[in-house]
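So the structure is just underneath, and the comments pick up after that.
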Amino acid sequence: MMVPQVEDDLGFWAWLSMAKPGSVLSYHQGFLAVDTSPPVSKLLPRDQSRLRLIAEAAWCASEKNLVHLVQSRLGPDHFEYRAIIRPPETSKPTHHQRRPIEAA
């Protein structure tokens, strides 16, 4: 199965707006914490910045319960980071909306 990838944070948001529940996006392969840290990253500064923006977009979408964020270990210090579209939340009635059970 081919998993789509994005080039920037706008690509992430575009994917999110069009993807269906269960769709998977691979947004990075490597070691995210290292690859976004200027003193230790082997990426060019512009690529570090681009990756940080994608990771921030993924985190924001996760905080809004739009995606699940998962990672798979590919090898030592090498991971694949994925976002998976969550199904829409079903509204659960609050205790004020529930009808009381009537006695027979």
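In the structure tokens, chains take letters A, B, ... by order of appearance, with residues numbered from 1 within each chain and ligands from 1 in the order shown.
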
Polymer residues at most 6 Å from region 69-83 of chain A, only C-alpha atoms, same-chain spacing of 5 or more positions, as a PyMOL selection string | chain A and resi 24-31

If you run DSSP over the backbone, which residues in chain A end up strand (DSSP E)? Put them as a PDB file with C-alpha atoms, in the first residue's frame.
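See result_20.pdb below for the written result:
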```pdb
ATOM      1  CA  VAL A  24      -3.034   7.478   6.269  1.00  0.00           C
ATOM      2  CA  LEU A  25      -0.372  10.092   5.559  1.00  0.00           C
ATOM      3  CA  SER A  26       3.346   9.574   6.149  1.00  0.00           C
ATOM      4  CA  TYR A  27       4.676  12.989   7.119  1.00  0.00           C
ATOM      5  CA  HIS A  28       8.283  12.079   7.998  1.00  0.00           C
ATOM      6  CA  GLN A  29      10.824   9.277   8.011  1.00  0.00           C
ATOM      7  CA  GLY A  30      13.804   9.729  10.297  1.00  0.00           C
ATOM      8  CA  VAL A  67      -6.135  12.565  13.374  1.00  0.00           C
ATOM      9  CA  HIS A  68      -4.338   9.865  15.324  1.00  0.00           C
ATOM     10  CA  LEU A  69      -0.560  10.274  15.304  1.00  0.00           C
ATOM     11  CA  VAL A  70       1.450   7.066  15.203  1.00  0.00           C
ATOM     12  CA  GLN A  71       5.036   6.094  14.578  1.00  0.00           C
ATOM     13  CA  SER A  72       6.612   2.875  13.393  1.00  0.00           C
ATOM     14  CA  ARG A  73      10.180   1.886  14.123  1.00  0.00           C
ATOM     15  CA  LEU A  74      12.038   1.256  10.866  1.00  0.00           C
ATOM     16  CA  GLY A  75      15.432   0.704  12.490  1.00  0.00           C
ATOM     17  CA  HIS A  78      14.771   5.690  12.331  1.00  0.00           C
ATOM     18  CA  PHE A  79      10.980   5.997  12.433  1.00  0.00           C
ATOM     19  CA  GLU A  80       8.061   6.656  10.133  1.00  0.00           C
ATOM     20  CA  TYR A  81       5.602   9.245  11.443  1.00  0.00           C
ATOM     21  CA  ARG A  82       2.010   8.927  10.260  1.00  0.00           C
ATOM     22  CA  ALA A  83      -1.274  10.748  10.661  1.00  0.00           C
ATOM     23  CA  ILE A  84      -4.477   8.711  10.374  1.00  0.00           C
ATOM     24  CA  ILE A  85      -7.815  10.469   9.835  1.00  0.00           C
TER      25      ILE A  85
END
```

Interatomic distance, CA of Arg86 (chain A) to CA of Ser37 (chain A) (Å, one decimal) =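 Spanning CA of Arg86 (chain A) to CA of Ser37 (chain A) is a straight-line distance of 29.3 Å.
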
Compile the contact shell of region 48-53 of chain A as a list in words: residues with an atom at most 10 Å away, counting only C-alpha atoms, same-chain residues fewer than 6 positions apart removed.
-> Glu7, Asp8, Asp9, Leu10, Phe12, Tyr27, His28, Leu32, Ala33, Val34, Asp35, Thr36, Ser37, Pro38, Ser41, Lys42 and Trp59 of chain A

Region 3-103 of chain A: which residues are alpha helix (DSSP H) by DSSP, as a PyMOL selection string?
-> chain A and resi 9-18+32-35+45-63

Using only C-alpha atoms, find the one residue out of A:Leu16, A:Pro39, A:Arg46, A:Gly11 that sits nearest to Ala61 (chain A).
->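 Residue with the minimum atom-to-atom distance to Ala61 (chain A): A:Leu16.
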
For CA of Trp13 (chain A) and CA of Glu89 (chain A), the interatomic separation in Å (one decimal) |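 About the pair CA of Trp13 (chain A) and CA of Glu89 (chain A): they are 19.1 Å apart.
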
Nearest to Pro87 (chain A), restricted to only C-alpha atoms and choosing among A:Ala19, A:Glu56, A:Gln5, A:Leu43, comes out as A:Ala19

In Å, with one decimal, what is the gap from CA of Ala55 (chain A) to CA of Thr90 (chain A)?
->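 Atom-to-atom, CA of Ala55 (chain A) and CA of Thr90 (chain A) are spaced 27.0 Å apart.
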